[in-house]
>>> print(open('entry11.cif').read())   # mmCIF, C-alpha atoms
data_my_file
#
loop_
_atom_site.group_PDB
_atom_site.id
_atom_site.type_symbol
_atom_site.label_atom_id
_atom_site.label_comp_id
_atom_site.auth_asym_id
_atom_site.auth_seq_id
_atom_site.Cartn_x
_atom_site.Cartn_y
_atom_site.Cartn_z
ATOM 1 C CA MET A 1 -54.524 -20.880 -37.003
ATOM 2 C CA GLU A 2 -55.671 -19.088 -33.813
ATOM 3 C CA MET A 3 -53.805 -19.339 -30.519
ATOM 4 C CA GLN A 4 -55.474 -20.581 -27.344
ATOM 5 C CA LEU A 5 -53.614 -18.942 -24.446
ATOM 6 C CA THR A 6 -55.945 -19.884 -21.588
ATOM 7 C CA GLY A 7 -54.185 -21.790 -18.817
ATOM 8 C CA GLN A 8 -50.629 -21.378 -20.189
ATOM 9 C CA PRO A 9 -47.837 -20.084 -17.930
ATOM 10 C CA ALA A 10 -47.242 -16.329 -18.199
ATOM 11 C CA ALA A 11 -43.697 -16.599 -19.659
ATOM 12 C CA THR A 12 -44.680 -19.126 -22.308
ATOM 13 C CA SER A 13 -47.788 -17.154 -23.128
ATOM 14 C CA GLY A 14 -45.661 -14.053 -23.719
ATOM 15 C CA ILE A 15 -43.359 -15.867 -26.163
ATOM 16 C CA VAL A 16 -46.296 -17.347 -28.042
ATOM 17 C CA THR A 17 -48.028 -13.968 -28.292
ATOM 18 C CA GLU A 18 -44.919 -12.169 -29.575
ATOM 19 C CA ILE A 19 -43.932 -14.771 -32.169
ATOM 20 C CA ALA A 20 -47.492 -15.331 -33.360
ATOM 21 C CA SER A 21 -48.020 -11.597 -33.744
ATOM 22 C CA ARG A 22 -44.840 -11.133 -35.773
ATOM 23 C CA ALA A 23 -45.617 -14.137 -37.963
ATOM 24 C CA HIS A 24 -49.184 -12.966 -38.526
ATOM 25 C CA THR A 25 -48.120 -9.506 -39.731
ATOM 26 C CA PHE A 26 -45.092 -10.722 -41.695
ATOM 27 C CA GLU A 27 -44.886 -9.766 -45.353
ATOM 28 C CA PRO A 28 -42.475 -11.860 -47.493
ATOM 29 C CA PRO A 29 -39.515 -9.548 -48.278
ATOM 30 C CA GLY A 30 -37.557 -9.256 -51.469
ATOM 31 C CA THR A 31 -34.620 -11.073 -49.899
ATOM 32 C CA SER A 32 -34.559 -14.222 -47.765
ATOM 33 C CA THR A 33 -32.632 -12.773 -44.777
ATOM 34 C CA ALA A 34 -35.626 -11.604 -42.737
ATOM 35 C CA THR A 35 -37.476 -14.815 -43.531
ATOM 36 C CA SER A 36 -34.590 -16.979 -42.368
ATOM 37 C CA VAL A 37 -34.207 -15.078 -39.086
ATOM 38 C CA LEU A 38 -37.882 -15.382 -38.217
ATOM 39 C CA LEU A 39 -37.982 -19.057 -39.181
ATOM 40 C CA VAL A 40 -35.034 -19.817 -36.902
ATOM 41 C CA GLU A 41 -36.755 -17.999 -34.050
ATOM 42 C CA LEU A 42 -40.006 -19.866 -34.602
ATOM 43 C CA LEU A 43 -38.317 -23.259 -34.769
ATOM 44 C CA ASN A 44 -36.151 -22.541 -31.695
ATOM 45 C CA SER A 45 -39.317 -21.643 -29.806
ATOM 46 C CA ALA A 46 -40.913 -24.874 -30.989
ATOM 47 C CA GLN A 47 -37.890 -26.840 -29.767
ATOM 48 C CA ARG A 48 -38.169 -25.232 -26.331
ATOM 49 C CA ALA A 49 -41.881 -25.924 -26.220
ATOM 50 C CA LEU A 50 -41.320 -29.640 -26.933
ATOM 51 C CA SER A 51 -40.082 -30.047 -23.372
ATOM 52 C CA GLY A 52 -43.490 -28.821 -22.167
ATOM 53 C CA LYS A 53 -46.801 -28.896 -23.957
ATOM 54 C CA THR A 54 -46.780 -30.426 -27.447
ATOM 55 C CA GLY A 55 -49.631 -28.135 -28.492
ATOM 56 C CA GLU A 56 -47.326 -25.126 -28.303
ATOM 57 C CA ALA A 57 -44.698 -26.884 -30.388
ATOM 58 C CA ARG A 58 -47.293 -27.725 -33.024
ATOM 59 C CA HIS A 59 -48.327 -24.072 -33.106
ATOM 60 C CA PHE A 60 -44.773 -22.800 -33.719
ATOM 61 C CA ILE A 61 -44.174 -25.415 -36.412
ATOM 62 C CA ALA A 62 -47.458 -24.504 -38.113
ATOM 63 C CA LYS A 63 -46.455 -20.824 -38.133
ATOM 64 C CA ALA A 64 -43.067 -21.707 -39.623
ATOM 65 C CA ALA A 65 -44.790 -23.737 -42.351
ATOM 66 C CA ASP A 66 -47.144 -20.825 -43.097
ATOM 67 C CA LEU A 67 -44.149 -18.528 -43.410
ATOM 68 C CA LEU A 68 -42.385 -20.869 -45.812
ATOM 69 C CA ASN A 69 -45.515 -21.203 -47.929
ATOM 70 C CA ALA A 70 -45.883 -17.413 -48.093
ATOM 71 C CA GLU A 71 -42.268 -17.018 -49.205
ATOM 72 C CA VAL A 72 -42.628 -19.700 -51.912
ATOM 73 C CA ALA A 73 -45.846 -18.113 -53.179
ATOM 74 C CA SER A 74 -44.175 -14.701 -53.292
ATOM 75 C CA ARG A 75 -41.262 -16.008 -55.368
ATOM 76 C CA ARG A 76 -43.564 -17.879 -57.752
ATOM 77 C CA ALA A 77 -45.533 -14.671 -58.291
ATOM 78 C CA SER A 78 -42.395 -12.970 -59.639
ATOM 79 C CA PRO A 79 -40.518 -15.733 -61.539
ATOM 80 C CA HIS A 80 -38.631 -13.253 -63.716
ATOM 81 C CA GLN A 81 -37.038 -11.358 -60.851
ATOM 82 C CA GLU A 82 -33.301 -11.276 -61.413
ATOM 83 C CA PRO A 83 -30.959 -12.189 -58.565
ATOM 84 C CA ALA A 84 -28.720 -9.442 -57.298
ATOM 85 C CA GLU A 85 -25.512 -9.389 -59.294
ATOM 86 C CA PRO A 86 -22.111 -8.352 -58.002
ATOM 87 C CA ALA A 87 -21.214 -4.695 -58.487
ATOM 88 C CA ASN A 88 -18.070 -5.655 -60.446
ATOM 89 C CA ALA A 89 -19.907 -7.888 -62.966
ATOM 90 C CA ARG A 90 -18.311 -7.824 -66.409
ATOM 91 C CA LEU A 91 -18.961 -9.400 -69.780
ATOM 92 C CA ALA A 92 -17.010 -12.463 -70.831
ATOM 93 C CA PRO A 93 -14.844 -12.100 -73.975
ATOM 94 C CA TRP A 94 -17.320 -14.093 -76.079
ATOM 95 C CA GLN A 95 -20.147 -11.849 -74.876
ATOM 96 C CA ARG A 96 -18.259 -8.682 -75.824
ATOM 97 C CA ARG A 97 -17.542 -10.103 -79.296
ATOM 98 C CA ARG A 98 -21.177 -11.024 -79.830
ATOM 99 C CA VAL A 99 -22.389 -7.584 -78.799
ATOM 100 C CA VAL A 100 -19.957 -5.747 -81.086
ATOM 101 C CA ASP A 101 -20.663 -8.082 -84.016
ATOM 102 C CA PHE A 102 -24.422 -7.737 -83.523
ATOM 103 C CA VAL A 103 -24.241 -3.952 -83.416
ATOM 104 C CA GLU A 104 -22.043 -3.697 -86.517
ATOM 105 C CA ALA A 105 -24.309 -6.078 -88.450
ATOM 106 C CA ASN A 106 -27.499 -4.237 -87.510
ATOM 107 C CA LEU A 107 -26.597 -0.526 -87.549
ATOM 108 C CA ALA A 108 -29.213 0.102 -90.227
ATOM 109 C CA GLU A 109 -31.910 -1.396 -88.008
ATOM 110 C CA THR A 110 -33.459 -0.600 -84.650
ATOM 111 C CA ILE A 111 -31.246 -2.042 -81.901
ATOM 112 C CA ARG A 112 -32.846 -2.503 -78.496
ATOM 113 C CA VAL A 113 -31.050 -3.185 -75.234
ATOM 114 C CA VAL A 114 -33.076 -6.383 -74.873
ATOM 115 C CA ASP A 115 -31.650 -7.571 -78.230
ATOM 116 C CA LEU A 116 -28.109 -7.052 -76.964
ATOM 117 C CA ALA A 117 -28.936 -8.758 -73.669
ATOM 118 C CA ASP A 118 -30.317 -11.743 -75.575
ATOM 119 C CA VAL A 119 -27.104 -12.324 -77.539
ATOM 120 C CA THR A 120 -25.176 -12.409 -74.249
ATOM 121 C CA ARG A 121 -27.772 -14.627 -72.524
ATOM 122 C CA LEU A 122 -28.180 -12.141 -69.671
ATOM 123 C CA GLY A 123 -31.081 -10.219 -68.204
ATOM 124 C CA VAL A 124 -31.442 -6.614 -69.318
ATOM 125 C CA ARG A 125 -30.399 -5.036 -66.016
ATOM 126 C CA GLN A 126 -27.451 -7.355 -65.492
ATOM 127 C CA PHE A 127 -26.318 -6.866 -69.091
ATOM 128 C CA SER A 128 -26.545 -3.070 -68.870
ATOM 129 C CA ARG A 129 -24.411 -2.933 -65.731
ATOM 130 C CA ALA A 130 -21.824 -5.355 -67.110
ATOM 131 C CA PHE A 131 -21.732 -3.499 -70.443
ATOM 132 C CA ARG A 132 -21.059 -0.173 -68.746
ATOM 133 C CA SER A 133 -18.279 -1.775 -66.683
ATOM 134 C CA ASP A 134 -16.586 -3.065 -69.846
ATOM 135 C CA PHE A 135 -17.200 -0.256 -72.341
ATOM 136 C CA GLY A 136 -17.401 2.748 -70.034
ATOM 137 C CA GLU A 137 -20.712 3.888 -71.523
ATOM 138 C CA SER A 138 -24.305 2.762 -71.808
ATOM 139 C CA PRO A 139 -25.438 0.414 -74.618
ATOM 140 C CA TYR A 140 -27.411 3.310 -76.144
ATOM 141 C CA ALA A 141 -24.350 5.595 -76.184
ATOM 142 C CA PHE A 142 -22.216 2.834 -77.726
ATOM 143 C CA VAL A 143 -24.716 2.132 -80.515
ATOM 144 C CA LEU A 144 -25.103 5.845 -81.251
ATOM 145 C CA ARG A 145 -21.350 6.302 -81.438
ATOM 146 C CA ARG A 146 -21.039 3.385 -83.863
ATOM 147 C CA ARG A 147 -23.789 4.874 -86.036
ATOM 148 C CA ILE A 148 -21.972 8.202 -86.156
ATOM 149 C CA GLU A 149 -18.665 6.498 -87.005
ATOM 150 C CA ARG A 150 -20.309 4.698 -89.926
ATOM 151 C CA ALA A 151 -21.863 7.966 -91.086
ATOM 152 C CA LYS A 152 -18.439 9.640 -91.031
ATOM 153 C CA LYS A 153 -17.034 6.936 -93.299
ATOM 154 C CA MET A 154 -19.983 7.215 -95.684
ATOM 155 C CA LEU A 155 -19.450 10.982 -95.933
ATOM 156 C CA PHE A 156 -16.357 10.170 -98.012
ATOM 157 C CA THR A 157 -18.775 8.967 -100.715
ATOM 158 C CA ASP A 158 -21.254 10.872 -102.863
ATOM 159 C CA ASP A 159 -24.245 9.272 -101.151
ATOM 160 C CA SER A 160 -27.008 11.659 -100.150
ATOM 161 C CA LEU A 161 -27.424 12.508 -96.492
ATOM 162 C CA ALA A 162 -30.867 10.902 -96.565
ATOM 163 C CA HIS A 163 -29.342 7.633 -97.802
ATOM 164 C CA ILE A 164 -26.566 7.802 -95.197
ATOM 165 C CA ALA A 165 -29.161 8.395 -92.470
ATOM 166 C CA ALA A 166 -31.102 5.299 -93.521
ATOM 167 C CA ARG A 167 -27.976 3.139 -93.784
ATOM 168 C CA CYS A 168 -26.858 4.181 -90.303
ATOM 169 C CA GLY A 169 -30.172 3.556 -88.569
ATOM 170 C CA PHE A 170 -31.416 7.133 -88.202
ATOM 171 C CA ALA A 171 -35.072 7.970 -88.732
ATOM 172 C CA ASP A 172 -34.326 10.612 -91.378
ATOM 173 C CA GLN A 173 -31.796 13.251 -92.412
ATOM 174 C CA PRO A 174 -32.750 15.759 -89.657
ATOM 175 C CA HIS A 175 -32.345 12.990 -87.077
ATOM 176 C CA LEU A 176 -28.876 12.230 -88.427
ATOM 177 C CA THR A 177 -27.948 15.917 -88.497
ATOM 178 C CA ARG A 178 -29.066 16.565 -84.934
ATOM 179 C CA LEU A 179 -27.212 13.624 -83.389
ATOM 180 C CA PHE A 180 -24.170 13.989 -85.659
ATOM 181 C CA ARG A 181 -23.790 17.601 -84.550
ATOM 182 C CA ARG A 182 -24.060 16.559 -80.904
ATOM 183 C CA ILE A 183 -21.289 13.962 -81.218
ATOM 184 C CA ALA A 184 -19.004 15.424 -83.895
ATOM 185 C CA ARG A 185 -19.546 19.131 -83.091
ATOM 186 C CA ALA A 186 -20.384 19.770 -86.744
ATOM 187 C CA SER A 187 -23.217 18.961 -89.123
ATOM 188 C CA PRO A 188 -22.763 16.166 -91.705
ATOM 189 C CA ALA A 189 -22.605 18.793 -94.473
ATOM 190 C CA GLU A 190 -19.910 20.712 -92.640
ATOM 191 C CA TRP A 191 -17.980 17.499 -91.978
ATOM 192 C CA ARG A 192 -18.160 16.525 -95.651
ATOM 193 C CA ARG A 193 -16.973 19.990 -96.721
ATOM 194 C CA ARG A 194 -13.972 19.774 -94.389
ATOM 195 C CA LEU A 195 -13.156 16.344 -95.779
ATOM 196 C CA ALA A 196 -13.231 17.723 -99.310
ATOM 197 C CA GLU A 197 -10.915 20.568 -98.310
ATOM 198 C CA ARG A 198 -8.441 18.174 -96.707
ATOM 199 C CA ILE A 199 -8.470 15.893 -99.729
ATOM 200 C CA GLY A 200 -7.928 18.931 -101.957
ATOM 201 C CA ASN A 201 -4.981 20.045 -99.852
ATOM 202 C CA TRP A 202 -3.466 16.564 -99.976
ATOM 203 C CA ALA A 203 -3.774 16.539 -103.792
ATOM 204 C CA LYS A 204 -1.763 19.757 -104.168
#
>>> encode(input="entry11.cif", output="structure tokens")
Amino acid sequence: MEMQLTGQPAATSGIVTEIASRAHTFEPPGTSTATSVLLVELLNSAQRALSGKTGEARHFIAKAADLLNAEVASRRASPHQEPAEPANARLAPWQRRRVVDFVEANLAETIRVVDLADVTRLGVRQFSRAFRSDFGESPYAFVLRRRIERAKKMLFTDDSLAHIAARCGFADQPHLTRLFRRIARASPAEWRRRLAERIGNWAK
């Protein structure tokens, strides 16, 4: 909608020009603060204009409506955008239980962060932040640690390292060895040998 400034008083013309220019170049932001401020300014200008020419008031109201429509269209274009969550967000007790139970039941499988977020009914980003607040580590680090702990227990058995790797969700024996060494500071074979030595010492 184009402005017609001919014949308007200089002061009113200046207000119309400034507001119209800002509304014309406005890009809907990610938050509603800037939108709200500009809408209030437009509507206040329309209220002032009502005491004079109604054409000016209609112009301000039309600009406000255009701004609202742009904001609605922007939000509809990104329906999956998550609202900002508080920095101190934490998981509820039932969410923590579900995450731990899911991980323990699926250690032999691929576990994705989105799977963990689903069992807590949260978005991925919100879940990851809340998880770190509660567990002090990322979901990936937690799952890896649980895999290593299961591998340590299985090293008490005579199962092959390849079988242990598969049962703990590792791609193969070298994958298990590499990550086990990183966490436990020893290879699975070395860990098993130390276990055997300790058991032998206890038996004496």
>>> resolve_selection(input="entry11.cif", expression="the PyMOL selection byres ((chain A and resi 133) around 12)", output="PyMOL selection string")
chain A and resi 86-92+96+126-132+134-139
>>> atom_distance(input="entry11.cif", atom1="atom CA of A:Glu190", atom2="atom CA of A:Leu176")
13.0 Å
>>> atom_distance(input="entry11.cif", atom1="atom CA of A:Arg194", atom2="atom CA of A:Ala108")
25.2 Å
>>> closest_residue(input="entry11.cif", among="A:Val119, A:Val100, A:Arg192, A:Leu144", to="A:Phe170", atoms="all atoms listed in the file")
A:Leu144
>>> resolve_selection(input="entry11.cif", expression="the PyMOL selection byres ((chain A and resi 102) around 12)", output="list of chain:residue names")
A:Gln95, A:Arg96, A:Arg97, A:Arg98, A:Val99, A:Val100, A:Asp101, A:Val103, A:Glu104, A:Ala105, A:Asn106, A:Leu107, A:Ala108, A:Glu109, A:Thr110, A:Ile111, A:Arg112, A:Val113, A:Asp115, A:Leu116, A:Ala117, A:Asp118, A:Val119, A:Thr120, A:Val143, A:Arg146
>>> atom_distance(input="entry11.cif", atom1="atom CA of A:Ala189", atom2="atom CA of A:Arg167")
16.6 Å
>>> closest_residue(input="entry11.cif", among="A:Thr177, A:Val124, A:Arg193, A:Ile199", to="A:Leu161", atoms="only C-alpha atoms")
A:Thr177
>>> residues_around(input="entry11.cif", residues="A:Arg145", least_positions_apart="6", cutoff="10 Å", atoms="all atoms listed in the file", output="compact mmCIF listing (two decimals) with C-alpha atoms, in the frame of the given file")
# COMPACT_ATOMS: atom_id res chain seq x y z
CA PRO A 139 -25.44 0.41 -74.62
CA ALA A 151 -21.86 7.97 -91.09
CA LEU A 179 -27.21 13.62 -83.39
CA PHE A 180 -24.17 13.99 -85.66
CA ILE A 183 -21.29 13.96 -81.22
CA ALA A 184 -19.00 15.42 -83.90
>>> axis_aligned_box(input="entry11.cif", around="stretch 102-113 of chain A", padding_each_side="8 Å", output="lines of an AutoDock Vina configuration file")
center_x = -27.8
center_y = -3.8
center_z = -82.7
size_x = 27.4
size_y = 23.8
size_z = 31.0
>>> closest_residue(input="entry11.cif", among="A:Arg125, A:Trp94, A:Trp191, A:Val114", to="A:Phe156", atoms="all atoms listed in the file")
A:Trp191
